[in-house]
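Peer 1: So here's protein20.cif, just mmCIF, C-alpha atoms (C1' of nucleotides):
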```
data_input
#
loop_
_atom_site.label_atom_id
_atom_site.label_comp_id
_atom_site.auth_asym_id
_atom_site.auth_seq_id
_atom_site.Cartn_x
_atom_site.Cartn_y
_atom_site.Cartn_z
CA MET A 1 -29.92 7.78 -20.95
CA LYS A 2 -27.03 5.88 -19.51
CA LYS A 3 -27.76 3.03 -17.19
CA VAL A 4 -26.17 3.59 -13.79
CA THR A 5 -27.37 0.75 -11.61
CA CYS A 6 -27.96 -2.92 -12.08
CA VAL A 7 -31.63 -3.60 -12.57
CA ARG A 8 -31.99 -6.43 -10.07
CA LEU A 9 -35.25 -6.45 -8.17
CA GLU A 10 -33.71 -5.97 -4.77
CA ALA A 11 -31.82 -2.85 -5.84
CA ASN A 12 -32.35 -0.68 -2.80
CA GLU A 13 -32.42 2.89 -4.02
CA LYS A 14 -32.34 4.25 -0.50
CA GLN A 15 -29.26 2.26 0.39
CA ILE A 16 -27.40 3.43 -2.70
CA GLN A 17 -28.32 7.01 -1.91
CA ARG A 18 -27.16 6.63 1.67
CA CYS A 19 -23.84 5.14 0.55
CA HIS A 20 -23.33 7.91 -1.94
CA GLU A 21 -23.84 10.54 0.72
CA SER A 22 -21.68 8.67 3.20
CA ILE A 23 -18.77 8.48 0.80
CA ARG A 24 -19.16 12.10 -0.15
CA LEU A 25 -18.73 13.07 3.50
CA VAL A 26 -15.58 11.04 4.14
CA GLU A 27 -13.94 10.95 0.73
CA VAL A 28 -11.23 13.48 1.58
CA HIS A 29 -10.35 11.73 4.83
CA ILE A 30 -10.33 8.35 3.15
CA ILE A 31 -7.89 9.54 0.52
CA GLU A 32 -5.66 11.04 3.19
CA LEU A 33 -5.80 7.98 5.40
CA ALA A 34 -5.25 5.64 2.46
CA ASN A 35 -2.01 7.50 1.81
CA VAL A 36 -0.81 6.84 5.33
CA LEU A 37 -1.91 3.21 5.25
CA ASN A 38 -0.20 2.80 1.92
CA LEU A 39 3.04 4.03 3.47
CA VAL A 40 2.91 1.56 6.34
CA GLY A 41 1.48 -1.10 4.02
CA ASN A 42 5.00 -2.10 3.14
CA ALA A 43 6.88 -4.51 5.36
CA VAL A 44 10.15 -2.56 5.33
CA ARG A 45 8.48 0.74 6.15
CA LEU A 46 6.26 -0.84 8.78
CA LYS A 47 9.38 -2.25 10.43
CA ILE A 48 11.05 1.16 10.31
CA VAL A 49 8.06 2.88 11.85
CA TYR A 50 7.71 0.11 14.43
CA LEU A 51 11.36 0.56 15.44
CA LEU A 52 11.03 4.33 15.60
CA HIS A 53 7.99 3.92 17.78
CA ALA A 54 9.89 1.66 20.18
CA GLU A 55 13.18 3.54 20.21
CA LYS A 56 12.07 7.16 19.93
CA GLU A 57 14.76 7.89 17.33
CA LEU A 58 17.25 6.08 15.13
CA CYS A 59 19.72 7.05 12.43
CA VAL A 60 19.70 5.71 8.89
CA CYS A 61 22.75 3.60 9.51
CA ASP A 62 21.28 1.91 12.59
CA ILE A 63 18.08 1.03 10.75
CA SER A 64 20.08 -0.26 7.83
CA ASP A 65 22.01 -2.43 10.24
CA VAL A 66 18.98 -3.77 12.10
CA LEU A 67 17.02 -4.55 8.94
CA GLN A 68 20.09 -5.84 7.12
CA MET A 69 19.43 -3.62 4.16
CA ASN A 70 21.27 -1.28 1.85
CA VAL A 71 21.62 2.22 3.34
CA SER A 72 20.32 3.72 0.13
CA ALA A 73 17.17 1.61 0.17
CA ILE A 74 16.47 2.63 3.77
CA SER A 75 17.11 6.26 2.95
CA GLN A 76 14.62 6.08 0.12
CA HIS A 77 11.97 4.56 2.37
CA LEU A 78 12.62 7.25 4.97
CA ARG A 79 12.19 9.87 2.29
CA LYS A 80 8.75 8.51 1.49
CA LEU A 81 7.81 8.51 5.14
CA LYS A 82 9.08 12.09 5.44
CA ASP A 83 7.22 13.19 2.32
CA GLY A 84 4.10 11.63 3.82
CA ASP A 85 4.82 13.63 6.98
CA LEU A 86 4.94 10.50 9.12
CA VAL A 87 8.45 11.12 10.39
CA THR A 88 10.86 14.01 10.96
CA ALA A 89 14.60 14.22 10.62
CA LYS A 90 16.96 15.87 13.07
CA LYS A 91 20.53 16.46 11.99
CA GLU A 92 23.33 16.07 14.51
CA GLY A 93 26.75 16.38 12.99
CA GLN A 94 26.84 13.99 10.12
CA THR A 95 24.26 11.59 11.43
CA ILE A 96 20.56 12.16 10.91
CA TYR A 97 18.07 10.94 13.49
CA TYR A 98 14.57 10.07 12.40
CA SER A 99 11.53 9.92 14.63
CA ILE A 100 7.77 9.59 14.28
CA LYS A 101 5.89 12.86 14.02
CA GLU A 102 3.80 13.52 17.07
CA ASP A 103 0.70 14.17 14.93
CA TYR A 104 0.72 10.60 13.71
CA ARG A 105 1.36 8.81 16.97
CA LYS A 106 -2.40 8.49 17.52
CA THR A 107 -3.16 7.21 14.03
CA LEU A 108 -0.40 4.62 14.24
CA SER A 109 -0.74 3.42 17.81
CA PRO A 110 -3.56 0.90 17.09
CA ILE A 111 -1.25 -0.66 14.52
CA PHE A 112 1.57 -1.07 17.01
CA ARG A 113 -0.86 -2.37 19.60
CA GLN A 114 -1.96 -4.99 17.10
CA ILE A 115 1.61 -6.08 16.42
CA ASN A 116 2.49 -6.27 20.10
CA SER A 117 -0.62 -8.19 21.01
CA LEU A 118 0.27 -10.79 18.39
CA LYS A 119 3.77 -10.96 19.84
CA LYS A 120 2.39 -11.61 23.31
CA MET A 121 0.04 -14.33 22.08
CA GLU A 122 3.05 -16.20 20.80
CA LEU A 123 4.77 -16.15 24.18
CA VAL A 124 1.82 -17.88 25.85
CA MET B 1 35.51 -8.81 7.68
CA LYS B 2 32.53 -6.90 6.36
CA LYS B 3 31.55 -3.75 8.15
CA VAL B 4 28.02 -3.93 9.44
CA THR B 5 27.43 -0.79 11.44
CA CYS B 6 28.35 2.81 11.08
CA VAL B 7 31.32 3.63 13.23
CA ARG B 8 30.00 6.78 14.85
CA LEU B 9 30.93 7.22 18.48
CA GLU B 10 27.42 7.11 19.79
CA ALA B 11 26.70 3.77 18.11
CA ASN B 12 24.79 2.03 20.84
CA GLU B 13 25.52 -1.65 20.51
CA LYS B 14 22.90 -2.58 23.09
CA GLN B 15 20.21 -0.63 21.29
CA ILE B 16 21.02 -2.28 17.98
CA GLN B 17 20.91 -5.68 19.60
CA ARG B 18 17.57 -4.92 21.22
CA CYS B 19 16.13 -3.74 17.91
CA HIS B 20 17.38 -6.82 16.16
CA GLU B 21 15.72 -9.07 18.70
CA SER B 22 12.53 -7.01 18.66
CA ILE B 23 12.21 -7.28 14.89
CA ARG B 24 12.95 -10.97 14.97
CA LEU B 25 10.03 -11.48 17.33
CA VAL B 26 7.46 -9.56 15.29
CA GLU B 27 8.72 -9.98 11.75
CA VAL B 28 6.08 -12.52 10.75
CA HIS B 29 3.25 -10.42 12.17
CA ILE B 30 4.61 -7.29 10.56
CA ILE B 31 4.68 -8.92 7.15
CA GLU B 32 1.14 -10.18 7.61
CA LEU B 33 -0.15 -6.86 8.86
CA ALA B 34 1.68 -4.94 6.13
CA ASN B 35 -0.26 -7.04 3.62
CA VAL B 36 -3.57 -6.01 5.14
CA LEU B 37 -2.53 -2.37 5.40
CA ASN B 38 -1.37 -2.46 1.82
CA LEU B 39 -4.82 -3.67 0.77
CA VAL B 40 -6.62 -0.84 2.55
CA GLY B 41 -3.85 1.58 1.60
CA ASN B 42 -5.65 2.23 -1.63
CA ALA B 43 -8.41 4.82 -1.70
CA VAL B 44 -10.79 2.70 -3.80
CA ARG B 45 -10.37 -0.38 -1.63
CA LEU B 46 -10.59 1.64 1.58
CA LYS B 47 -13.87 3.08 0.33
CA ILE B 48 -15.15 -0.39 -0.50
CA VAL B 49 -14.22 -1.74 2.90
CA TYR B 50 -15.66 1.34 4.58
CA LEU B 51 -18.95 0.84 2.76
CA LEU B 52 -19.05 -2.87 3.57
CA HIS B 53 -18.44 -2.02 7.20
CA ALA B 54 -21.34 0.40 7.24
CA GLU B 55 -23.80 -1.63 5.16
CA LYS B 56 -22.98 -5.19 6.20
CA GLU B 57 -23.07 -6.39 2.59
CA LEU B 58 -23.18 -5.00 -0.93
CA CYS B 59 -23.07 -6.43 -4.44
CA VAL B 60 -20.45 -5.55 -7.04
CA CYS B 61 -22.94 -3.57 -9.04
CA ASP B 62 -24.00 -1.42 -6.08
CA ILE B 63 -20.41 -0.61 -5.20
CA SER B 64 -19.68 0.21 -8.81
CA ASP B 65 -22.65 2.55 -8.79
CA VAL B 66 -21.75 4.28 -5.51
CA LEU B 67 -18.10 4.78 -6.40
CA GLN B 68 -18.91 5.65 -10.01
CA MET B 69 -16.46 3.12 -11.32
CA ASN B 70 -16.22 0.41 -13.93
CA VAL B 71 -17.71 -2.89 -12.70
CA SER B 72 -14.59 -4.72 -13.82
CA ALA B 73 -12.30 -2.45 -11.82
CA ILE B 74 -14.41 -2.97 -8.70
CA SER B 75 -14.47 -6.71 -9.26
CA GLN B 76 -10.71 -6.76 -9.48
CA HIS B 77 -10.36 -4.82 -6.23
CA LEU B 78 -12.79 -7.19 -4.55
CA ARG B 79 -10.74 -10.10 -5.77
CA LYS B 80 -7.67 -8.67 -4.07
CA LEU B 81 -9.59 -8.15 -0.87
CA LYS B 82 -10.89 -11.71 -1.09
CA ASP B 83 -7.43 -13.11 -1.81
CA GLY B 84 -6.20 -11.22 1.25
CA ASP B 85 -9.06 -12.82 3.18
CA LEU B 86 -10.49 -9.46 4.19
CA VAL B 87 -13.90 -10.11 2.65
CA THR B 88 -16.14 -13.02 1.70
CA ALA B 89 -18.54 -13.48 -1.15
CA LYS B 90 -22.03 -14.93 -0.91
CA LYS B 91 -23.80 -15.85 -4.12
CA GLU B 92 -27.54 -15.29 -4.39
CA GLY B 93 -28.88 -16.01 -7.85
CA GLN B 94 -26.77 -14.01 -10.22
CA THR B 95 -25.76 -11.33 -7.78
CA ILE B 96 -22.82 -11.75 -5.43
CA TYR B 97 -22.85 -10.08 -2.05
CA TYR B 98 -19.58 -9.14 -0.41
CA SER B 99 -19.00 -8.55 3.27
CA ILE B 100 -16.10 -8.07 5.65
CA LYS B 101 -14.75 -11.24 7.20
CA GLU B 102 -15.47 -11.40 10.90
CA ASP B 103 -11.80 -12.15 11.68
CA TYR B 104 -10.76 -8.76 10.36
CA ARG B 105 -13.43 -6.62 11.97
CA LYS B 106 -11.14 -6.03 14.95
CA THR B 107 -8.08 -5.14 12.90
CA LEU B 108 -10.04 -2.72 10.77
CA SER B 109 -12.26 -1.05 13.33
CA PRO B 110 -9.64 1.50 14.50
CA ILE B 111 -9.36 2.60 10.89
CA PHE B 112 -13.09 3.17 10.57
CA ARG B 113 -13.14 4.89 13.92
CA GLN B 114 -10.45 7.24 12.64
CA ILE B 115 -12.44 8.04 9.51
CA ASN B 116 -15.66 8.65 11.41
CA SER B 117 -13.99 10.82 14.02
CA LEU B 118 -12.63 13.02 11.23
CA LYS B 119 -16.13 13.20 9.75
CA LYS B 120 -17.57 14.34 13.05
CA MET B 121 -14.91 17.00 13.53
CA GLU B 122 -16.01 18.54 10.28
CA LEU B 123 -19.61 18.82 11.40
CA VAL B 124 -18.63 20.90 14.43
"C1'" DA C 1 -33.00 -22.40 -27.06
"C1'" DA C 2 -32.08 -17.36 -27.17
"C1'" DA C 3 -31.42 -13.10 -25.00
"C1'" DG C 4 -30.40 -10.37 -20.92
"C1'" DT C 5 -28.15 -9.58 -16.45
"C1'" DA C 6 -24.36 -9.87 -12.92
"C1'" DT C 7 -19.99 -10.88 -12.46
"C1'" DT C 8 -15.19 -12.61 -13.51
"C1'" DT C 9 -11.27 -13.19 -16.23
"C1'" DT C 10 -7.92 -12.00 -19.62
"C1'" DA C 11 -5.02 -9.08 -22.30
"C1'" DG C 12 -2.85 -4.86 -22.89
"C1'" DC C 13 -0.90 -0.69 -21.38
"C1'" DA C 14 0.83 3.27 -18.77
"C1'" DT C 15 2.36 4.22 -14.24
"C1'" DT C 16 4.36 3.29 -9.90
"C1'" DT C 17 7.26 0.68 -6.85
"C1'" DG C 18 11.48 -0.94 -4.70
"C1'" DC C 19 15.76 -2.35 -5.35
"C1'" DT C 20 21.06 -1.89 -6.73
"C1'" DA C 21 24.90 0.65 -8.20
"C1'" DA C 22 27.12 4.85 -8.81
"C1'" DA C 23 27.70 9.65 -8.16
"C1'" DG C 24 26.90 13.68 -5.22
"C1'" DT C 25 26.67 16.46 -0.72
"C1'" DA C 26 27.90 17.64 3.86
"C1'" DT C 27 30.27 17.12 8.11
"C1'" DG C 28 34.36 15.51 10.78
"C1'" DA C 29 39.09 14.03 11.48
"C1'" DT C 30 44.17 14.10 10.11
"C1'" DA D 1 43.78 20.28 1.80
"C1'" DT D 2 42.69 15.34 1.89
"C1'" DC D 3 40.32 11.51 3.33
"C1'" DA D 4 36.60 9.04 5.76
"C1'" DT D 5 31.93 8.89 7.28
"C1'" DA D 6 26.80 9.43 7.03
"C1'" DC D 7 23.60 10.21 4.15
"C1'" DT D 8 20.94 11.54 -0.29
"C1'" DT D 9 20.10 11.56 -5.03
"C1'" DT D 10 20.07 9.78 -9.60
"C1'" DA D 11 19.72 6.39 -13.16
"C1'" DG D 12 18.28 2.06 -14.54
"C1'" DC D 13 15.63 -1.95 -14.34
"C1'" DA D 14 12.43 -5.78 -13.20
"C1'" DA D 15 8.22 -6.42 -11.03
"C1'" DA D 16 3.78 -4.92 -9.37
"C1'" DT D 17 -0.31 -1.95 -9.76
"C1'" DG D 18 -4.67 -0.24 -11.53
"C1'" DC D 19 -7.18 0.82 -15.19
"C1'" DT D 20 -10.00 -0.12 -19.82
"C1'" DA D 21 -11.87 -3.04 -23.22
"C1'" DA D 22 -13.21 -7.42 -24.69
"C1'" DA D 23 -14.28 -12.16 -24.00
"C1'" DA D 24 -15.91 -15.74 -20.90
"C1'" DT D 25 -19.02 -17.71 -17.26
"C1'" DA D 26 -23.19 -18.37 -14.90
"C1'" DC D 27 -27.64 -17.69 -13.79
"C1'" DT D 28 -32.71 -15.91 -15.26
"C1'" DT D 29 -36.18 -14.80 -18.06
"C1'" DT D 30 -38.73 -15.25 -22.27
#
```
Write out the structure in this file as structure tokens.

Peer 2:
Amino acid sequence: MKKVTCVRLEANEKQIQRCHESIRLVEVHIIELANVLNLVGNAVRLKIVYLLHAEKELCVCDISDVLQMNVSAISQHLRKLKDGDLVTAKKEGQTIYYSIKEDYRKTLSPIFRQINSLKKMELV
Amino acid sequence: MKKVTCVRLEANEKQIQRCHESIRLVEVHIIELANVLNLVGNAVRLKIVYLLHAEKELCVCDISDVLQMNVSAISQHLRKLKDGDLVTAKKEGQTIYYSIKEDYRKTLSPIFRQINSLKKMELV
DNA sequence: AAAGTATTTTAGCATTTGCTAAAGTATGAT
DNA sequence: ATCATACTTTAGCAAATGCTAAAATACTTT
């Protein structure tokens, strides 16, 4: 018999049960969402996504210029975002334009709203 | 003279300038927000925060029980969340109750809304 | 005071991350 | 065909992450 819970008096068996069930129901979504949040939980990638949101589309070279970073580093971040299905690439000649995938606009918009509201507060 | 931008014809100097200025204005907020997103961009921590949001407060031992994980691992995740100021701890005897910091309720609520809306879709 | 409970901290380790530098691919211009 | 441009990929490396196991702390009960 392995002990599972702490034995403190207040241990609310009902609460534990409820939590267990609650997690069971959302586990898959949490894992999926955590992946997305992990992608934008990096300052460089959040900047990239923020720029793409504001400018519709940008090429690797432009982003590299704006963020003052190695083209290769930017390319690698974009690859992660593409692998995570957050952005798409559109080739035009030798330049490749990246943009946010429509499916994720809704998930990301509260994040951008947050950033912009903080920006506004500063201007007051 | 170091080259900064790609030399492609379409290179829109105005756009680059606008992006530069835009990033400059939000950089601090982006870094701050990326830190928060990075914290919840981990499935275990997102589950913890989700549970705390639903149950108001929980002790380490309860969380460990619900998520079926080592107490030490949970404690370490809680420490990160506390260091990031996302949660607070309240000691009561030998048990320590964690809860989400009021200041972050607003930042996090769209995330929980997202999770719960996905849960509901499944029930349809 | 001794033993038990709840939690934290430390050490150790395998894995992942994010960068730089260098080489590779693809398109465009001469 | 050769060279330049835009980008990706690879290799290598230092730093960060997330876990387990063990030791440390702090309170409670006996």

Peer 1: Quick one: which chain A residues come within 8 Å of chain B, and what is the nearest atom pair for each with the distance in Å to one decimal, counting only C-alpha atoms, rows ordered by chain and ascending number, as CSV?

Peer 2:
```
residue,atom,partner,partner_atom,distance
A:Val4,CA,B:Asp65,CA,6.2
A:Thr5,CA,B:Asp65,CA,5.8
A:Cys6,CA,B:Cys61,CA,5.9
A:Ala11,CA,B:Asp62,CA,8.0
A:Ile16,CA,B:Val66,CA,6.4
A:Gln17,CA,B:Val66,CA,8.0
A:Cys19,CA,B:Val66,CA,6.5
A:His20,CA,B:Val66,CA,5.3
A:Ile23,CA,B:Lys47,CA,7.3
A:Leu25,CA,B:Lys119,CA,6.8
A:Val26,CA,B:Lys119,CA,6.0
A:Glu27,CA,B:Lys47,CA,7.9
A:His29,CA,B:Ile115,CA,6.3
A:Ile30,CA,B:Ala43,CA,6.3
A:Ile31,CA,B:Ala43,CA,5.2
A:Leu33,CA,B:Gly41,CA,7.7
A:Ala34,CA,B:Gly41,CA,4.4
A:Asn35,CA,B:Gly41,CA,6.2
A:Val36,CA,B:Gly41,CA,7.1
A:Leu37,CA,B:Gly41,CA,4.4
A:Asn38,CA,B:Gly41,CA,3.9
A:Leu39,CA,B:Gly41,CA,7.5
A:Val40,CA,B:Ala34,CA,6.6
A:Gly41,CA,B:Asn38,CA,3.8
A:Asn42,CA,B:Ala34,CA,5.3
A:Ala43,CA,B:Ile31,CA,5.2
A:Leu46,CA,B:Ala34,CA,6.7
A:Lys47,CA,B:Ile30,CA,6.9
A:Leu51,CA,B:Cys19,CA,6.9
A:Cys61,CA,B:Cys6,CA,5.9
A:Asp62,CA,B:Thr5,CA,6.8
A:Asp65,CA,B:Thr5,CA,5.8
A:Val66,CA,B:His20,CA,5.3
A:Leu67,CA,B:His20,CA,7.6
A:Thr107,CA,B:Gln114,CA,7.4
A:Pro110,CA,B:Pro110,CA,6.6
A:Gln114,CA,B:Thr107,CA,7.4
A:Ile115,CA,B:His29,CA,6.3
A:Asn116,CA,B:Val26,CA,7.7
A:Leu118,CA,B:His29,CA,6.9
A:Lys119,CA,B:Val26,CA,6.0
```

Peer 1: Within 12 Å of chain A, which residues of chain D show up when using only C-alpha atoms (C1' of nucleotides), listed as a PyMOL selection string?

Peer 2: chain D and resi 4-10+28

Peer 1: Work out where the centre of an axis-aligned box around every listed atom of segment 41-49 of chain A lies and how long its edges are once 4 Å is added on each side; give both in Å to one decimal as lines of an AutoDock Vina configuration file.

Peer 2:
```
center_x = 6.3
center_y = -0.8
center_z = 7.5
size_x = 17.6
size_y = 15.4
size_z = 16.7
```

Peer 1: I would like the residues chosen by the PyMOL selection byres ((chain C) within 8 of (chain A)) on the shown file; could you give them as a VMD selection string?

Peer 2: chain C and resid 5 to 6 18 to 19 26 to 28

Peer 1: Can you work out the spacing between atom CA of Ile100 of chain B and atom C1' of DT8 of chain C in Å, to one decimal?

Peer 2: 19.7 Å

Peer 1: Using the chain letters and residue numbers of this document, give as a list of chain:residue names the residues selected by the PyMOL selection byres ((chain C and resi 11) around 12).

Peer 2: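 For this structure, the PyMOL selection byres ((chain C and resi 11) around 12) resolves to C:DT9, C:DT10, C:DG12, C:DC13, D:DT20, D:DA21, D:DA22, D:DA23.
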
Peer 1: Name the residues that the PyMOL selection byres ((chain D and resi 14) around 12) picks from the file above, as a ChimeraX atom specification, using the file's chain letters and numbers.

Peer 2: /C:17-20 /D:12-13,15-16

Peer 1: I'd like the interatomic distance between atom CA of Asp85 of chain A and atom CA of Tyr98 of chain A, to a tenth of an Å.

Peer 2: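 These two atoms are separated by 11.7 Å.
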